[in-house]
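One file, work-v7.cif, is given below (mmCIF, C-alpha atoms).
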data_entry
loop_
_atom_site.label_atom_id
_atom_site.label_comp_id
_atom_site.auth_asym_id
_atom_site.auth_seq_id
_atom_site.Cartn_x
_atom_site.Cartn_y
_atom_site.Cartn_z
CA MET W 1 -5.60 -5.20 -13.88
CA ALA W 2 -2.24 -3.63 -13.23
CA LEU W 3 1.13 -5.07 -12.37
CA ASN W 4 3.92 -3.33 -10.48
CA HIS W 5 7.10 -5.32 -10.98
CA SER W 6 10.20 -3.78 -9.38
CA CYS W 7 13.30 -4.27 -11.44
CA LYS W 8 15.41 -3.86 -8.33
CA ALA W 9 13.96 -7.16 -7.15
CA ILE W 10 15.17 -8.75 -10.38
CA LEU W 11 18.78 -7.65 -10.02
CA GLY W 12 20.65 -9.71 -7.44
CA VAL W 13 23.74 -8.78 -5.50
CA ILE W 14 26.82 -9.84 -7.44
CA ALA W 15 29.36 -11.69 -5.30
CA MET W 16 32.98 -10.69 -5.41
CA PHE W 17 35.45 -13.14 -6.88
CA GLY W 18 38.06 -14.83 -4.76
CA PHE W 19 40.98 -12.58 -5.56
CA LEU W 20 43.23 -14.02 -2.90
CA ALA W 21 42.63 -17.48 -4.27
CA ALA W 22 43.42 -16.23 -7.75
CA VAL W 23 47.07 -15.66 -6.88
CA SER W 24 47.52 -19.02 -5.20
CA PRO W 25 49.50 -21.79 -6.97
CA ASP W 26 46.42 -23.99 -7.56
CA ALA W 27 44.21 -21.22 -8.97
CA HIS W 28 44.95 -22.33 -12.53
CA ALA W 29 43.46 -25.76 -11.82
CA GLN W 30 40.15 -24.16 -10.85
CA ARG W 31 39.61 -22.54 -14.27
CA SER W 32 38.36 -23.84 -17.59
CA ASP W 33 40.98 -25.29 -19.94
CA SER W 34 39.75 -22.89 -22.65
CA ALA W 35 40.48 -19.78 -20.57
CA PRO W 36 43.84 -18.00 -20.30
CA PRO W 37 45.79 -18.97 -17.20
CA PRO W 38 45.49 -16.51 -14.30
CA SER W 39 48.46 -14.25 -13.82
CA ILE W 40 48.41 -11.77 -10.94
CA ASP W 41 51.73 -10.68 -9.57
CA ALA W 42 52.21 -10.00 -5.91
CA ALA W 43 52.12 -6.20 -6.13
CA THR W 44 48.97 -6.14 -8.22
CA GLY W 45 47.30 -8.71 -6.02
CA LYS W 46 48.17 -6.67 -2.92
CA THR W 47 46.56 -3.54 -4.41
CA MET W 48 43.46 -5.45 -5.44
CA ASN W 49 43.07 -7.04 -2.03
CA GLU W 50 43.42 -3.63 -0.36
CA ALA W 51 40.65 -2.37 -2.67
CA ILE W 52 38.49 -5.32 -1.63
CA GLU W 53 38.98 -4.45 2.03
CA LEU W 54 37.87 -0.88 1.31
CA LEU W 55 34.83 -2.20 -0.54
CA ASN W 56 33.93 -4.36 2.44
CA MET W 57 34.01 -1.19 4.57
CA ASP W 58 31.71 0.54 2.00
CA ASP W 59 34.50 2.97 1.16
CA LEU W 60 33.72 3.14 -2.55
CA THR W 61 35.77 6.28 -3.16
CA GLY W 62 38.80 4.75 -1.49
CA ALA W 63 38.44 1.49 -3.41
CA ARG W 64 38.19 3.34 -6.71
CA ALA W 65 41.25 5.44 -5.85
CA LYS W 66 43.22 2.34 -4.87
CA LEU W 67 42.43 0.62 -8.17
CA GLY W 68 43.29 3.86 -9.96
CA THR W 69 46.91 3.40 -8.92
CA LEU W 70 47.18 0.38 -11.23
CA LYS W 71 48.54 0.83 -14.76
CA MET W 72 45.83 -0.95 -16.77
CA ASP W 73 47.94 -1.17 -19.93
CA ARG W 74 50.60 -3.09 -18.00
CA LEU W 75 48.22 -5.66 -16.52
CA SER W 76 47.69 -9.13 -17.92
CA PRO W 77 44.29 -9.96 -19.53
CA TYR W 78 43.29 -11.85 -16.40
CA GLU W 79 44.24 -8.94 -14.15
CA ARG W 80 42.44 -6.38 -16.32
CA SER W 81 39.27 -8.48 -16.35
CA ARG W 82 39.30 -8.77 -12.55
CA VAL W 83 39.96 -5.07 -12.03
CA GLU W 84 37.13 -4.17 -14.44
CA GLN W 85 34.81 -6.43 -12.46
CA MET W 86 35.77 -4.66 -9.26
CA LEU W 87 35.15 -1.30 -10.91
CA PHE W 88 31.77 -2.59 -12.01
CA GLN W 89 30.91 -3.44 -8.42
CA ILE W 90 31.82 0.09 -7.33
CA SER W 91 29.75 1.67 -10.14
CA TYR W 92 26.82 -0.59 -9.39
CA GLN W 93 26.75 0.36 -5.72
CA GLU W 94 26.91 4.01 -6.77
CA GLU W 95 23.92 3.32 -9.10
CA LYS W 96 25.99 4.37 -12.10
CA TYR W 97 24.54 1.64 -14.26
CA GLU W 98 25.74 2.76 -17.67
CA GLU W 99 29.27 3.09 -16.33
CA GLY W 100 28.98 -0.29 -14.63
CA ARG W 101 27.80 -1.92 -17.84
CA GLN W 102 30.86 -0.56 -19.66
CA HIS W 103 33.14 -2.08 -17.02
CA LEU W 104 31.46 -5.45 -17.56
CA MET W 105 32.01 -5.22 -21.31
CA ASN W 106 35.61 -4.17 -20.70
CA ALA W 107 36.08 -7.24 -18.49
CA ILE W 108 34.93 -9.41 -21.38
CA SER W 109 37.00 -7.67 -24.05
CA ALA W 110 40.13 -7.82 -21.86
CA GLY W 111 40.18 -11.56 -22.55
CA GLY W 112 40.81 -12.77 -19.03
CA LEU W 113 37.49 -14.54 -18.42
CA ASN W 114 36.59 -18.13 -19.20
CA GLU W 115 33.44 -19.00 -21.18
CA SER W 116 31.27 -19.38 -18.11
CA GLU W 117 32.38 -16.02 -16.72
CA VAL W 118 31.82 -14.27 -20.05
CA LEU W 119 28.29 -15.66 -20.12
CA GLN W 120 27.68 -14.52 -16.56
CA ASN W 121 28.91 -11.03 -17.37
CA ARG W 122 26.59 -10.82 -20.35
CA TYR W 123 23.73 -11.75 -18.05
CA TYR W 124 24.70 -8.95 -15.68
CA VAL W 125 24.74 -6.56 -18.65
CA ALA W 126 21.14 -7.54 -19.43
CA GLN W 127 20.21 -7.05 -15.78
CA LEU W 128 21.65 -3.55 -15.81
CA TYR W 129 19.54 -2.61 -18.83
CA MET W 130 16.54 -3.82 -16.85
CA GLN W 131 17.68 -1.82 -13.84
CA GLU W 132 17.66 1.27 -16.05
CA GLU W 133 14.22 0.28 -17.41
CA ASN W 134 15.70 0.10 -20.90
CA TRP W 135 13.37 -2.72 -21.85
CA VAL W 136 14.29 -2.90 -25.54
CA LYS W 137 18.04 -3.24 -24.91
CA GLY W 138 17.34 -5.52 -21.96
CA ALA W 139 15.30 -7.91 -24.11
CA GLU W 140 17.92 -7.88 -26.86
CA ALA W 141 20.73 -8.63 -24.40
CA LEU W 142 18.76 -11.43 -22.79
CA GLU W 143 17.85 -13.01 -26.13
CA GLU W 144 21.54 -13.09 -27.03
CA TRP W 145 22.38 -14.54 -23.63
CA PHE W 146 19.73 -17.27 -24.02
CA LYS W 147 21.37 -18.44 -27.26
CA ALA W 148 24.52 -19.45 -25.35
CA ALA W 149 23.17 -20.20 -21.87
CA PRO W 150 23.23 -23.97 -21.22
CA GLU W 151 20.46 -24.09 -18.60
CA PRO W 152 18.55 -20.81 -18.19
CA ASN W 153 16.65 -20.65 -14.91
CA SER W 154 13.19 -19.34 -14.05
CA ALA W 155 14.49 -15.94 -12.98
CA ALA W 156 16.04 -15.35 -16.41
CA TYR W 157 12.82 -16.28 -18.21
CA TYR W 158 10.83 -14.05 -15.87
CA MET W 159 13.18 -11.15 -16.55
CA LEU W 160 12.76 -11.60 -20.31
CA ALA W 161 8.99 -11.73 -19.91
CA ILE W 162 9.10 -8.50 -17.93
CA ALA W 163 11.14 -6.81 -20.65
CA TYR W 164 8.52 -7.68 -23.27
CA TYR W 165 5.60 -6.93 -20.96
CA GLN W 166 6.95 -3.45 -20.29
CA GLN W 167 7.06 -2.89 -24.06
CA ASN W 168 3.44 -4.04 -24.27
CA GLU W 169 4.61 -7.03 -26.32
CA ILE W 170 2.12 -9.34 -24.64
CA ASP W 171 2.45 -12.23 -27.10
CA LYS W 172 6.25 -12.23 -26.82
CA ALA W 173 6.06 -12.06 -23.02
CA LEU W 174 3.80 -15.11 -22.70
CA ALA W 175 6.27 -17.88 -23.65
CA PRO W 176 9.06 -16.86 -21.23
CA ALA W 177 6.51 -16.15 -18.51
CA LYS W 178 5.20 -19.71 -18.87
CA LYS W 179 8.75 -21.08 -18.77
CA ALA W 180 9.49 -19.16 -15.57
CA VAL W 181 6.58 -20.86 -13.84
CA GLU W 182 7.00 -24.32 -15.39
CA LEU W 183 10.70 -24.72 -14.59
CA THR W 184 10.18 -24.89 -10.83
CA ASP W 185 7.86 -26.64 -8.43
CA LYS W 186 7.76 -23.51 -6.26
CA PRO W 187 7.43 -20.48 -8.53
CA GLN W 188 7.61 -17.07 -6.93
CA SER W 189 4.33 -15.25 -6.60
CA ALA W 190 5.53 -12.44 -8.89
CA TRP W 191 6.11 -14.96 -11.69
CA ILE W 192 2.60 -16.34 -11.30
CA ASP W 193 1.14 -12.84 -11.12
CA LEU W 194 2.72 -11.90 -14.42
CA LEU W 195 1.58 -15.06 -16.20
CA VAL W 196 -1.96 -14.66 -14.84
CA PHE W 197 -2.06 -11.08 -16.06
CA LEU W 198 -0.91 -12.13 -19.54
CA TYR W 199 -3.56 -14.86 -19.73
CA ILE W 200 -6.27 -12.47 -18.57
CA ASP W 201 -5.15 -9.91 -21.14
CA GLN W 202 -5.74 -12.56 -23.79
CA GLU W 203 -9.05 -13.54 -22.12
CA ASN W 204 -7.68 -17.05 -21.59
CA TYR W 205 -9.45 -17.46 -18.26
CA LYS W 206 -9.26 -21.25 -18.20
CA ALA W 207 -5.46 -21.10 -18.31
CA ALA W 208 -5.37 -18.39 -15.65
CA LEU W 209 -7.64 -20.25 -13.21
CA PRO W 210 -5.30 -23.06 -11.97
CA LEU W 211 -2.50 -20.53 -11.58
CA LEU W 212 -4.65 -18.26 -9.45
CA GLU W 213 -5.83 -21.20 -7.36
CA LYS W 214 -2.19 -22.11 -6.77
CA ALA W 215 -1.24 -18.51 -5.97
CA THR W 216 -4.11 -18.22 -3.49
CA ALA W 217 -3.08 -21.43 -1.77
CA MET W 218 0.50 -20.14 -1.57
CA GLU W 219 -0.49 -16.76 -0.14
CA PRO W 220 -3.95 -17.09 1.46
CA LYS W 221 -3.64 -13.69 3.14
CA LYS W 222 -3.12 -11.80 -0.12
CA ARG W 223 -6.36 -9.95 -0.83
CA ASN W 224 -5.74 -9.45 -4.53
CA ASN W 225 -5.47 -13.20 -5.13
CA TRP W 226 -8.97 -13.80 -3.78
CA MET W 227 -10.41 -10.89 -5.74
CA GLN W 228 -8.86 -12.07 -8.99
CA LEU W 229 -9.86 -15.66 -8.33
CA SER W 230 -13.46 -14.63 -7.79
CA SER W 231 -13.41 -12.56 -10.98
CA ILE W 232 -12.05 -15.47 -13.01
CA TYR W 233 -14.74 -17.77 -11.67
CA GLN W 234 -17.31 -15.21 -12.70
CA GLN W 235 -15.86 -14.96 -16.20
CA LEU W 236 -16.15 -18.74 -16.47
CA GLU W 237 -19.74 -18.55 -15.13
CA MET W 238 -18.76 -20.58 -12.07
CA TYR W 239 -20.91 -18.40 -9.84
CA PRO W 240 -21.01 -20.49 -6.64
CA GLU W 241 -17.20 -20.73 -6.72
CA ALA W 242 -16.93 -16.98 -7.32
CA LEU W 243 -19.13 -16.33 -4.31
CA ALA W 244 -17.25 -18.85 -2.15
CA SER W 245 -13.95 -17.08 -2.89
CA MET W 246 -15.36 -13.74 -1.81
CA GLN W 247 -16.93 -15.21 1.31
CA LEU W 248 -13.65 -16.84 2.36
CA ALA W 249 -11.86 -13.53 1.89
CA TYR W 250 -14.57 -11.80 3.92
CA GLU W 251 -14.35 -14.29 6.77
CA ALA W 252 -10.56 -13.88 6.77
CA GLY W 253 -10.95 -10.12 7.19
CA LEU W 254 -9.36 -9.38 3.80
CA LEU W 255 -12.23 -7.33 2.40
CA THR W 256 -11.49 -3.83 3.58
CA GLN W 257 -12.88 -1.57 0.86
CA ASP W 258 -16.33 -0.23 0.15
CA SER W 259 -16.30 -1.82 -3.30
CA ASP W 260 -15.41 -5.22 -1.78
CA PHE W 261 -18.51 -5.24 0.43
CA ARG W 262 -20.80 -4.09 -2.37
CA ARG W 263 -19.42 -6.71 -4.73
CA LEU W 264 -19.91 -9.46 -2.17
CA ALA W 265 -23.44 -8.21 -1.48
CA ASP W 266 -24.26 -8.25 -5.20
CA MET W 267 -22.92 -11.79 -5.53
CA LEU W 268 -24.93 -12.98 -2.53
CA ALA W 269 -28.05 -11.43 -4.02
CA PHE W 270 -27.34 -12.99 -7.42
CA ASN W 271 -26.82 -16.40 -5.83
CA GLU W 272 -30.10 -15.98 -3.93
CA VAL W 273 -28.64 -15.59 -0.46
CA PRO W 274 -30.42 -12.32 0.40
CA TYR W 275 -30.36 -12.60 4.19
CA ARG W 276 -26.56 -12.95 4.21
CA CYS W 277 -26.38 -10.10 1.71
CA ALA W 278 -28.20 -7.83 4.15
CA GLN W 279 -25.98 -8.90 7.04
CA VAL W 280 -22.81 -8.07 5.09
CA LEU W 281 -24.07 -4.63 4.12
CA GLU W 282 -25.31 -3.84 7.61
CA ALA W 283 -21.91 -4.74 9.05
CA GLY W 284 -20.14 -2.57 6.48
CA LEU W 285 -22.42 0.39 7.13
CA LYS W 286 -22.04 -0.01 10.89
CA ASP W 287 -18.24 0.13 10.84
CA THR W 288 -18.27 2.77 8.02
CA THR W 289 -16.43 0.53 5.56
CA VAL W 290 -19.45 1.00 3.30
CA LYS W 291 -20.32 4.61 2.55
CA ALA W 292 -23.82 5.47 3.70
CA ASP W 293 -25.24 6.58 0.36
CA ALA W 294 -28.48 5.98 -1.51
CA ASP W 295 -27.07 3.02 -3.43
CA ALA W 296 -25.89 1.21 -0.27
CA TYR W 297 -29.22 1.71 1.49
CA GLN W 298 -31.12 0.57 -1.59
CA LYS W 299 -29.02 -2.59 -1.84
CA LEU W 300 -29.62 -3.28 1.84
CA ALA W 301 -33.34 -2.71 1.52
CA ASN W 302 -33.56 -4.95 -1.55
CA CYS W 303 -31.75 -7.74 0.27
CA TRP W 304 -34.15 -7.55 3.21
CA ILE W 305 -37.10 -7.46 0.81
CA ALA W 306 -35.79 -10.51 -1.08
CA ALA W 307 -35.42 -12.26 2.28
CA ARG W 308 -39.05 -11.24 2.99
CA GLU W 309 -37.91 -9.30 6.01
CA PHE W 310 -40.14 -6.37 5.10
CA ASP W 311 -40.00 -4.62 8.46
CA LYS W 312 -36.17 -4.57 8.35
CA SER W 313 -36.21 -3.06 4.87
CA LEU W 314 -38.18 0.05 5.87
CA ASP W 315 -35.45 2.16 7.47
CA PRO W 316 -32.79 1.66 4.76
CA LEU W 317 -35.39 2.17 2.05
CA GLU W 318 -36.51 5.39 3.69
CA GLU W 319 -32.87 6.53 3.87
CA ALA W 320 -32.30 5.68 0.22
CA ALA W 321 -35.50 7.41 -0.88
CA ALA W 322 -34.65 10.57 1.04
CA ALA W 323 -31.19 10.70 -0.57
CA SER W 324 -32.42 9.97 -4.08
CA ASP W 325 -32.91 12.65 -6.73
CA ASP W 326 -36.34 11.32 -7.70
CA GLY W 327 -39.37 9.82 -6.02
CA ASP W 328 -39.17 6.29 -7.38
CA LEU W 329 -37.73 4.81 -4.18
CA TYR W 330 -40.67 6.20 -2.26
CA VAL W 331 -42.84 4.23 -4.69
CA ARG W 332 -40.80 1.15 -3.75
CA LEU W 333 -41.39 1.97 -0.08
CA ALA W 334 -45.11 2.19 -0.76
CA GLU W 335 -44.98 -1.27 -2.38
CA VAL W 336 -43.24 -2.76 0.67
CA ASN W 337 -45.85 -1.27 2.97
CA MET W 338 -48.50 -2.71 0.68
CA GLN W 339 -47.03 -6.15 1.40
CA ARG W 340 -47.29 -5.32 5.11
CA GLU W 341 -50.90 -4.11 4.63
CA ALA W 342 -49.84 -0.90 6.37
CA TRP W 343 -52.29 1.31 4.47
CA ASP W 344 -51.45 4.63 6.11
CA ALA W 345 -47.75 4.02 5.42
CA VAL W 346 -48.55 3.20 1.77
CA ILE W 347 -50.40 6.49 1.41
CA ALA W 348 -47.63 8.48 3.10
CA ALA W 349 -44.89 6.96 0.93
CA ALA W 350 -46.88 7.36 -2.30
CA ARG W 351 -47.53 11.02 -1.55
CA LYS W 352 -43.84 11.61 -0.87
CA ALA W 353 -43.12 10.04 -4.25
CA ILE W 354 -45.56 12.38 -5.97
CA ASP W 355 -44.17 15.39 -4.13
CA LYS W 356 -40.56 14.55 -5.00
CA GLY W 357 -41.45 13.94 -8.63
CA LYS W 358 -39.27 12.88 -11.59
CA LEU W 359 -41.13 9.57 -11.55
CA LYS W 360 -40.74 6.92 -14.21
CA ASP W 361 -44.44 6.13 -13.88
CA PRO W 362 -46.36 9.06 -12.35
CA GLY W 363 -49.66 7.16 -12.40
CA TYR W 364 -48.43 4.30 -10.26
CA PRO W 365 -48.27 6.08 -6.85
CA GLN W 366 -51.76 7.42 -7.59
CA LEU W 367 -52.97 3.87 -8.15
CA LEU W 368 -51.25 2.66 -4.95
CA THR W 369 -52.85 5.46 -2.97
CA GLY W 370 -56.26 4.50 -4.30
CA ILE W 371 -55.72 0.83 -3.43
CA ALA W 372 -54.60 1.68 0.10
CA LEU W 373 -57.62 3.93 0.65
CA TYR W 374 -59.91 1.29 -0.75
CA ASN W 375 -58.51 -1.36 1.61
CA ASP W 376 -58.87 1.15 4.46
CA LYS W 377 -62.59 1.43 3.55
CA LYS W 378 -62.29 5.08 2.49
CA LEU W 379 -64.15 4.58 -0.74
CA GLU W 380 -64.88 8.17 -1.76
CA ASP W 381 -61.27 9.21 -1.21
CA ALA W 382 -60.11 6.12 -3.08
CA ARG W 383 -62.31 6.93 -6.06
CA GLN W 384 -60.69 10.34 -6.45
CA TRP W 385 -57.25 8.75 -6.69
CA PHE W 386 -58.43 6.10 -9.14
CA GLU W 387 -59.82 8.86 -11.32
CA ARG W 388 -56.35 10.39 -11.44
CA ALA W 389 -54.74 7.01 -12.14
CA GLN W 390 -57.14 6.42 -15.04
CA LYS W 391 -55.37 9.16 -16.95
CA SER W 392 -52.43 6.78 -17.31
CA ASP W 393 -52.71 4.33 -20.20
CA LYS W 394 -50.76 1.79 -18.16
CA HIS W 395 -53.13 1.84 -15.17
CA ARG W 396 -56.45 2.80 -16.78
CA LYS W 397 -57.86 -0.69 -16.84
CA LEU W 398 -57.08 -1.60 -13.20
CA ALA W 399 -58.16 1.82 -11.91
CA GLY W 400 -61.40 1.50 -13.83
CA ALA W 401 -62.05 -1.93 -12.33
CA TYR W 402 -61.62 -0.54 -8.83
CA MET W 403 -63.97 2.35 -9.64
CA GLN W 404 -66.63 -0.11 -10.78
CA ARG W 405 -66.19 -2.03 -7.57
CA ILE W 406 -66.47 1.17 -5.49
CA LYS W 407 -69.58 2.18 -7.39
CA SER W 408 -71.13 -1.22 -6.73
CA GLU W 409 -70.28 -1.12 -3.02
CA LEU W 410 -71.62 2.40 -2.61
CA ASN W 411 -74.85 1.44 -4.40
CA GLN W 412 -75.28 -1.47 -2.03
CA LYS W 413 -74.88 0.86 0.95
CA THR W 414 -77.43 3.33 -0.37
CA GLY W 415 -79.76 0.65 -1.69
CA GLY W 416 -79.43 2.06 -5.20
#

Let's see the structure in the file written out as structure tokens.
Amino acid sequence: MALNHSCKAILGVIAMFGFLAAVSPDAHAQRSDSAPPPSIDAATGKTMNEAIELLNMDDLTGARAKLGTLKMDRLSPYERSRVEQMLFQISYQEEKYEEGRQHLMNAISAGGLNESEVLQNRYYVAQLYMQEENWVKGAEALEEWFKAAPEPNSAAYYMLAIAYYQQNEIDKALAPAKKAVELTDKPQSAWIDLLVFLYIDQENYKAALPLLEKATAMEPKKRNNWMQLSSIYQQLEMYPEALASMQLAYEAGLLTQDSDFRRLADMLAFNEVPYRCAQVLEAGLKDTTVKADADAYQKLANCWIAAREFDKSLDPLEEAAAASDDGDLYVRLAEVNMQREAWDAVIAAARKAIDKGKLKDPGYPQLLTGIALYNDKKLEDARQWFERAQKSDKHRKLAGAYMQRIKSELNQKTGG
């Protein structure tokens, strides 16, 4: 099983701070008592607000140039922190993540942020490492952030799990992945997907099952959920449930691949629903979802045979035998015709088997030919084939018994 988690989905858009509010008389009352008081003079505030307007117009170059007019060494700690945050936003939108991360760290070291803002900036730093797919640094930054974060949310735990998962640290990824799912009544499907994958990797199928059932209920049109759910049921030997999952996906039109149809057919056959198995394969072959190869035709024929629909099995079995590299499927065709008591067809199929060769049991089509001729009252011809079959250790006894019977019947006819 593979997972494809996009780190861009992890990183959210960072909202701009209220710079206009920061220069208002009551701005100080909105900040933590432990933080330095805000101090933005009118000229600096005007420049910053003009930069914000340029940012809102997506003029990143203009915004950067506007902020470049400020003398950073003359700004207060609060002003420097805010300017660094604005520079971060510009770098982020330009996808200059390393540069953006440095601006975030500069905002912290400037000393103008309160404790909550420092913590938030450190979280953004971790996100940027993830954006760059620097999983080791991302995990380290997140672990440090978790030590101070008062109430980490599901998204943070999921991001940490991703960082460890990408390093193939499956055991370390499991705990935060579980937290991500447990902390909310409505976990995102990506969080469930990751946790399911981790459980499956550890072969903990019982733990994965309720999660997959929940994921399938949340997104009933997601093909992969049904496929995984069916596989988990199979691993737990819950075969009727595994089949039911595949059937529901089939009825919903979610099975669109050759392998899907073959898997469903195999499950139907295993659960002794051969007629339905044949119907599924016939539909797949008709609309070309299932490739018309020897294996598909053999599966179809076997399903019809198991359903005792011998006449319906003939065409697919003939197709499979013709496409096969050896003559064994012609032997199977001869057996089916034996069930139908179609003696000429038995003889024809058995001879094709012998002609094609590479047989697992060369004596068997000879025996079948003899039996068909015997039942067709062609005793002399039958005896010749039984003589050939007698050369096989496996069929010597039965062929000999038939020859004794033929000898007896011929003696009765001649009065001998």

Give me, as a short mmCIF file (atom, residue, chain, number, x, y, z; two decimals) with C-alpha atoms, in the coordinates of the input, all polymer residues having an atom no more than 9 Å from Tyr297 of chain W, counting only C-alpha atoms and skipping those fewer than 4 positions away in the same chain.
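The file below, around18.cif, is the result:
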data_model
loop_
_atom_site.label_atom_id
_atom_site.label_comp_id
_atom_site.auth_asym_id
_atom_site.auth_seq_id
_atom_site.Cartn_x
_atom_site.Cartn_y
_atom_site.Cartn_z
CA LEU W 281 -24.07 -4.63 4.12
CA LEU W 285 -22.42 0.39 7.13
CA ALA W 292 -23.82 5.47 3.70
CA ASP W 293 -25.24 6.58 0.36
CA ALA W 301 -33.34 -2.71 1.52
CA ASN W 302 -33.56 -4.95 -1.55
CA ASP W 315 -35.45 2.16 7.47
CA PRO W 316 -32.79 1.66 4.76
CA LEU W 317 -35.39 2.17 2.05
CA GLU W 318 -36.51 5.39 3.69
CA GLU W 319 -32.87 6.53 3.87
CA ALA W 320 -32.30 5.68 0.22
CA ALA W 321 -35.50 7.41 -0.88
#

Check: Do you know which residues are at most 12 Å from Ala348 of chain W counting only C-alpha atoms, after dropping those on the same chain fewer than 4 positions away, and could you put them as a ChimeraX atom specification?
Finding: /W:318,330-331,333-335,337-338,342-344,352-355,365-366,368-369,372-373

At most 12 Å from (25.4, -25.1, -20.2), file frame, all atoms listed in the file: which residues, as a PDB file with C-alpha atoms, in the frame of the given file?
ATOM      1  CA  GLU W 115      33.440 -19.000 -21.180  1.00  0.00           C
ATOM      2  CA  SER W 116      31.270 -19.380 -18.110  1.00  0.00           C
ATOM      3  CA  GLU W 117      32.380 -16.020 -16.720  1.00  0.00           C
ATOM      4  CA  LEU W 119      28.290 -15.660 -20.120  1.00  0.00           C
ATOM      5  CA  GLN W 120      27.680 -14.520 -16.560  1.00  0.00           C
ATOM      6  CA  TRP W 145      22.380 -14.540 -23.630  1.00  0.00           C
ATOM      7  CA  PHE W 146      19.730 -17.270 -24.020  1.00  0.00           C
ATOM      8  CA  LYS W 147      21.370 -18.440 -27.260  1.00  0.00           C
ATOM      9  CA  ALA W 148      24.520 -19.450 -25.350  1.00  0.00           C
ATOM     10  CA  ALA W 149      23.170 -20.200 -21.870  1.00  0.00           C
ATOM     11  CA  PRO W 150      23.230 -23.970 -21.220  1.00  0.00           C
ATOM     12  CA  GLU W 151      20.460 -24.090 -18.600  1.00  0.00           C
ATOM     13  CA  PRO W 152      18.550 -20.810 -18.190  1.00  0.00           C
ATOM     14  CA  ASN W 153      16.650 -20.650 -14.910  1.00  0.00           C
TER      15      ASN W 153
END

Notebook entry, point to check: So what does the PyMOL selection byres ((chain W and resi 194) around 9) actually pick up in this one, as a list in words?
Noted result: Leu3, His5, Tyr158, Ala161, Ile162, Tyr165, Leu174, Ala177, Ser189, Ala190, Trp191, Ile192, Asp193, Leu195, Val196, Phe197, Leu198 and Tyr199 of chain W

Let's have the selection written as an mmCIF file, in the coordinates of the input, with C-alpha atoms.
data_model
loop_
_atom_site.group_PDB
_atom_site.id
_atom_site.type_symbol
_atom_site.label_atom_id
_atom_site.label_comp_id
_atom_site.auth_asym_id
_atom_site.auth_seq_id
_atom_site.Cartn_x
_atom_site.Cartn_y
_atom_site.Cartn_z
ATOM 1 C CA LEU W 3 1.130 -5.070 -12.370
ATOM 2 C CA HIS W 5 7.100 -5.320 -10.980
ATOM 3 C CA TYR W 158 10.830 -14.050 -15.870
ATOM 4 C CA ALA W 161 8.990 -11.730 -19.910
ATOM 5 C CA ILE W 162 9.100 -8.500 -17.930
ATOM 6 C CA TYR W 165 5.600 -6.930 -20.960
ATOM 7 C CA LEU W 174 3.800 -15.110 -22.700
ATOM 8 C CA ALA W 177 6.510 -16.150 -18.510
ATOM 9 C CA SER W 189 4.330 -15.250 -6.600
ATOM 10 C CA ALA W 190 5.530 -12.440 -8.890
ATOM 11 C CA TRP W 191 6.110 -14.960 -11.690
ATOM 12 C CA ILE W 192 2.600 -16.340 -11.300
ATOM 13 C CA ASP W 193 1.140 -12.840 -11.120
ATOM 14 C CA LEU W 195 1.580 -15.060 -16.200
ATOM 15 C CA VAL W 196 -1.960 -14.660 -14.840
ATOM 16 C CA PHE W 197 -2.060 -11.080 -16.060
ATOM 17 C CA LEU W 198 -0.910 -12.130 -19.540
ATOM 18 C CA TYR W 199 -3.560 -14.860 -19.730
#

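One finds atom CA of Ala173 of chain W at 14.7 Å from atom CA of Met130 of chain W.
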
Next item on the list: Measure the distance from atom CA of Leu398 of chain W to atom CA of Gln384 of chain W in Å and round it to one decimal.
Entry: 14.2 Å

Notebook entry, point to check: Within 10 Å of (37.2, -4.2, -3.4), in the coordinates the file gives, what residues turn up when you count only C-alpha atoms, written out as number ranges by chain?
Noted result: W: 16-17, 19, 47-60, 62-64, 66-67, 83, 85-87, 89-90

Checklist line | the PyMOL selection byres ((chain W and resi 277) around 8) applied to the shown file, residues as a list in words | finding: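 After applying the PyMOL selection byres ((chain W and resi 277) around 8), what remains is Leu264, Ala265, Asp266, Leu268, Ala269, Val273, Pro274, Tyr275, Arg276, Ala278, Gln279, Val280, Leu281, Leu300 and Cys303 of chain W.
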
Note to self: On this structure, the PyMOL selection byres ((chain W and resi 92) around 12) would catch which residues? List them as a PyMOL selection string, sorted by chain and number.
What the structure shows: chain W and resi 8+11-14+60+85-91+93-104+124-125+127-128+131-132
